[in-house]
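**Q** Submitted below is the structure of interest, expressed as structure tokens.
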Amino acid sequence: MASKANKPELLVNGKRLDGRAFDELRPLRISAGVVKNANGSAYLEWGNNKVLVAVYGPKEVVPRRDADPAKAVLRCRYQMAPFSSLEGHGRTGPNRRATEISKVIREAFENVVLLEEFPNNEIDVYIEILQSDGGTRAAGLTAASVALANAGIPMKDLVYAVSAGRIDEHVVLDLNMIEDNYSDADMPTAIAHRNGDILLLQMDGGLTKEQFHTALGMIQEAGKKISAIQRQALIDVYSAPGEEVKR
Amino acid sequence: MKSIIIPGDEVKEGVSSVNVYVEDGKSLASAVGFYDEQGKRIVPLEGTWTPKIDDTVVGTIEEVGRNNTYTVDLCSFRTGVLLLGKYSRSVLKVGEVIEAIVDRINGKKEVILSNPKELRGGMVLKIKPTKIPRVLGKANTMAKQISEIARCDMIIGSNGLIWLRGGDIALATEVILRIEREAHMPGLTEKIKEVLISKSKNNERKIE
């Protein structure tokens, strides 16, 4: 297990283990509309993370007693595939961690999805982590946002998420698995891209006030890139081979 | 090619309020779609069918209730209800396909249907409800073209179900699925016409 005692060197010659700069994202790729049976879907590759999200609904709530006559019920299920991780996390079935992440993702989306348009209905978001390498809740949330828009669920805004953390005194962006396990702080954050509302903010470890503001600044800066990729993924669904879509 | 709008994008003033929400005095899109200059509205590319009065729908009888009342499966998040009343002569069975018109939407957000017509035989095709206006075409040109050239009976429900019978069903299906895939492309009516004419001749030759 990760502990101070067996902590590896996370910085070599002023660079991170995978050669990235402190404020550099891992390569991100998103494609939308990949699951034909679903109303909307997205597949995301973020470094070594691979995430598949499918959205179903609006549809009748089952069981019926959970229905809300004022608005739709949003349900999120975050789950790691049994083969997704090297150890531990990927065991089958719901566990504390998956339940918590499902909850925080749901609460982030309840702020942007216009649930009042579908009273007595539910919207299901299934987030499957196929391969994990740190920052899967951010990756899941980023992909789920694209999948919801692809499903035509009315929403105010797209949401992006990314984590920032601290290695010794350096604030770093988008931690991978090994940095996540041994770093001194990890702060996944989800932000609505148009008005900058913070919809999810969690933190392990500790940051000083200055470090927190540096981290948030890095996240907001990276958000521009992530939002652009999300937007492009949604537009690319409609571009036929050989025909250029106007941007 | 029209430029595509994403949720959160600002839209021009005076746009119809469908698929639009207002925040801080700005009109913003809430769906993926494109801007229609003439209609001054956002045309969604994905999404569900929102029932409107006088919409034609195609559905399957799901449940038979008392006094000639029926629940109709519309393949939507809203269920259809058909209230024919005791004195009505027509009797429908579970599993039968009907065409009906939306009469009103009640407080429980059920779709009340009227003027049911039973559709015998044929097949039902399901496509995305947002693509239905394109299958109909301007003043139903596209729909007329398909049913004339493929020589089949066709009823298009705005809930995304299309009923087809007779003629060259395979060709009609192929063309409708192509419209669904390419609904956002310009000049589709002409393209579909070419496909229809060339393929229908081909098929006739095979039959001979």
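If you're wondering about the labels, chains in the structure tokens are A, B, ... by order shown, residues count from 1 in each chain, ligands from 1 in order shown.
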Give me the residues near Glu180 of chain B as a list in words, where near means some atom within 7 Å (using only C-alpha atoms) and where sequence neighbours in that chain fewer than 3 positions away do not count.
**A**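 My list of contacting residues is Ile127, Lys131, Ile176, Leu177 and Ala183 of chain B.
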**Q** Taking only C-alpha atoms into account, find every residue of chain A that has an atom no more than 9 Å from chain B, and write it out as a VMD selection string.
**A** chain A and resid 39 to 40 57 to 60 69 113 to 114 118 to 121 149 to 158 193 to 194 231 234 to 235 238 240 243 to 247
**Q** State, in Å with one decimal place, the distance from atom CA of Lys12 of chain B to atom CA of Asn195 of chain A.
**A**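 Going from atom CA of Lys12 of chain B over to atom CA of Asn195 of chain A covers 18.4 Å.
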**Q** With only C-alpha atoms as the counted atoms, please give the residues lying no more than 10 Å from Leu175 of chain A, apart from itself and same-chain residues fewer than 5 positions off, as a ChimeraX atom specification.
**A** /A:16,22,24-26,133-135,162-167,180-181,183,185-188
**Q** May I have the selected residues written with N, CA and C atoms, as a tab-separated table (two decimals), in the first residue's frame?
**A**
chain	number	residue	atom	x	y	z
A	16	ARG	N	8.03	15.25	-14.22
A	16	ARG	CA	7.27	14.15	-13.63
A	16	ARG	C	7.67	12.83	-14.27
A	22	PHE	N	4.58	20.39	-15.05
A	22	PHE	CA	3.67	20.39	-13.90
A	22	PHE	C	2.23	20.68	-14.30
A	24	GLU	N	0.77	20.10	-17.28
A	24	GLU	CA	0.47	19.47	-18.57
A	24	GLU	C	-0.55	18.35	-18.37
A	25	LEU	N	-1.54	18.30	-19.28
A	25	LEU	CA	-2.55	17.23	-19.23
A	25	LEU	C	-2.00	15.99	-19.93
A	26	ARG	N	-2.56	14.84	-19.58
A	26	ARG	CA	-2.26	13.64	-20.37
A	26	ARG	C	-3.06	13.74	-21.68
A	133	ASP	N	-6.09	4.54	-14.49
A	133	ASP	CA	-4.74	4.97	-14.20
A	133	ASP	C	-4.79	6.32	-13.47
A	134	GLY	N	-5.61	6.39	-12.44
A	134	GLY	CA	-5.68	7.62	-11.65
A	134	GLY	C	-6.56	8.67	-12.29
A	135	GLY	N	-7.37	9.34	-11.48
A	135	GLY	CA	-8.25	10.38	-11.99
A	135	GLY	C	-9.43	9.85	-12.76
A	162	VAL	N	-11.14	17.61	-13.76
A	162	VAL	CA	-9.72	17.23	-13.80
A	162	VAL	C	-9.20	17.37	-12.38
A	163	SER	N	-8.16	16.63	-12.07
A	163	SER	CA	-7.64	16.74	-10.71
A	163	SER	C	-6.32	17.50	-10.73
A	164	ALA	N	-6.06	18.16	-9.61
A	164	ALA	CA	-4.76	18.78	-9.41
A	164	ALA	C	-4.25	18.26	-8.07
A	165	GLY	N	-2.95	18.32	-7.86
A	165	GLY	CA	-2.42	17.81	-6.60
A	165	GLY	C	-1.11	18.46	-6.26
A	166	ARG	N	-0.44	17.89	-5.27
A	166	ARG	CA	0.82	18.48	-4.84
A	166	ARG	C	1.85	17.37	-4.68
A	167	ILE	N	3.02	17.56	-5.29
A	167	ILE	CA	4.15	16.69	-5.05
A	167	ILE	C	5.22	17.56	-4.38
A	180	ASP	N	-1.02	9.82	-7.81
A	180	ASP	CA	-2.22	9.85	-6.97
A	180	ASP	C	-1.96	9.09	-5.67
A	181	ASN	N	-1.33	7.91	-5.76
A	181	ASN	CA	-1.12	7.08	-4.59
A	181	ASN	C	-0.10	7.67	-3.62
A	183	SER	N	1.31	11.04	-3.80
A	183	SER	CA	1.47	12.49	-3.72
A	183	SER	C	1.00	12.99	-2.35
A	185	ALA	N	-1.08	15.65	-2.00
A	185	ALA	CA	-2.46	16.12	-2.06
A	185	ALA	C	-3.04	15.76	-3.43
A	186	ASP	N	-4.35	15.56	-3.45
A	186	ASP	CA	-5.05	15.26	-4.71
A	186	ASP	C	-6.40	15.94	-4.63
A	187	MET	N	-6.72	16.74	-5.65
A	187	MET	CA	-7.95	17.53	-5.60
A	187	MET	C	-8.73	17.43	-6.91
A	188	PRO	N	-9.61	16.43	-7.04
A	188	PRO	CA	-10.45	16.39	-8.24
A	188	PRO	C	-11.51	17.49	-8.20
**Q** By how many Å are atom CA of Asn67 of chain B and atom CA of Leu113 of chain B apart?
**A**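 Answer for the atom CA of Asn67 of chain B to atom CA of Leu113 of chain B separation: 15.5 Å.
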**Q** Would you mind listing what lies within 8 Å of segment 94-100 of chain B as a PyMOL selection string, with only C-alpha atoms counted and same-chain residues fewer than 2 positions away left out?
**A** chain B and resi 56-64+92+102+113-120+155+157
**Q** For Arg75 of chain A, work out the shell of residues within 10 Å, counting only C-alpha atoms and skipping chain neighbours fewer than 4 positions away, then give it as a PDB file with N, CA and C atoms, in the first residue's frame.
**A**
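Output below, filename selection.pdb:
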ATOM      1  N   VAL A  55     -25.959   6.663 -21.701  1.00  0.00           N
ATOM      2  CA  VAL A  55     -27.083   7.354 -21.067  1.00  0.00           C
ATOM      3  C   VAL A  55     -28.382   6.787 -21.619  1.00  0.00           C
ATOM      4  N   TYR A  56     -29.289   6.429 -20.720  1.00  0.00           N
ATOM      5  CA  TYR A  56     -30.601   5.929 -21.100  1.00  0.00           C
ATOM      6  C   TYR A  56     -31.662   6.843 -20.500  1.00  0.00           C
ATOM      7  N   SER A 102     -20.339   7.646  -7.439  1.00  0.00           N
ATOM      8  CA  SER A 102     -21.615   7.762  -8.152  1.00  0.00           C
ATOM      9  C   SER A 102     -22.414   8.925  -7.589  1.00  0.00           C
ATOM     10  N   LYS A 103     -22.397   9.055  -6.278  1.00  0.00           N
ATOM     11  CA  LYS A 103     -23.180  10.110  -5.628  1.00  0.00           C
ATOM     12  C   LYS A 103     -22.645  11.496  -5.987  1.00  0.00           C
ATOM     13  N   ILE A 105     -20.901  12.412  -8.522  1.00  0.00           N
ATOM     14  CA  ILE A 105     -21.097  12.706  -9.947  1.00  0.00           C
ATOM     15  C   ILE A 105     -22.557  13.091 -10.189  1.00  0.00           C
ATOM     16  N   ARG A 106     -23.463  12.342  -9.539  1.00  0.00           N
ATOM     17  CA  ARG A 106     -24.895  12.658  -9.710  1.00  0.00           C
ATOM     18  C   ARG A 106     -25.164  14.082  -9.245  1.00  0.00           C
ATOM     19  N   GLU A 107     -24.619  14.438  -8.099  1.00  0.00           N
ATOM     20  CA  GLU A 107     -24.891  15.775  -7.558  1.00  0.00           C
ATOM     21  C   GLU A 107     -24.295  16.869  -8.438  1.00  0.00           C
ATOM     22  N   PHE A 109     -24.118  16.703 -11.696  1.00  0.00           N
ATOM     23  CA  PHE A 109     -24.979  16.846 -12.882  1.00  0.00           C
ATOM     24  C   PHE A 109     -26.352  17.398 -12.546  1.00  0.00           C
ATOM     25  N   GLU A 110     -26.819  17.192 -11.315  1.00  0.00           N
ATOM     26  CA  GLU A 110     -28.131  17.728 -10.954  1.00  0.00           C
ATOM     27  C   GLU A 110     -28.165  19.247 -11.081  1.00  0.00           C
ATOM     28  N   GLU A 122     -36.988   9.095 -15.235  1.00  0.00           N
ATOM     29  CA  GLU A 122     -35.612   8.961 -14.761  1.00  0.00           C
ATOM     30  C   GLU A 122     -34.640   8.995 -15.918  1.00  0.00           C
ATOM     31  N   ILE A 123     -33.439   9.411 -15.612  1.00  0.00           N
ATOM     32  CA  ILE A 123     -32.350   9.427 -16.582  1.00  0.00           C
ATOM     33  C   ILE A 123     -31.213   8.619 -15.972  1.00  0.00           C
ATOM     34  N   ASP A 124     -30.770   7.596 -16.667  1.00  0.00           N
ATOM     35  CA  ASP A 124     -29.707   6.731 -16.148  1.00  0.00           C
ATOM     36  C   ASP A 124     -28.387   7.039 -16.829  1.00  0.00           C
ATOM     37  N   VAL A 125     -27.346   7.178 -16.037  1.00  0.00           N
ATOM     38  CA  VAL A 125     -26.004   7.402 -16.575  1.00  0.00           C
ATOM     39  C   VAL A 125     -25.120   6.257 -16.071  1.00  0.00           C
ATOM     40  N   TYR A 126     -24.632   5.454 -16.976  1.00  0.00           N
ATOM     41  CA  TYR A 126     -23.775   4.341 -16.582  1.00  0.00           C
ATOM     42  C   TYR A 126     -22.340   4.669 -16.969  1.00  0.00           C
TER      43      TYR A 126
END
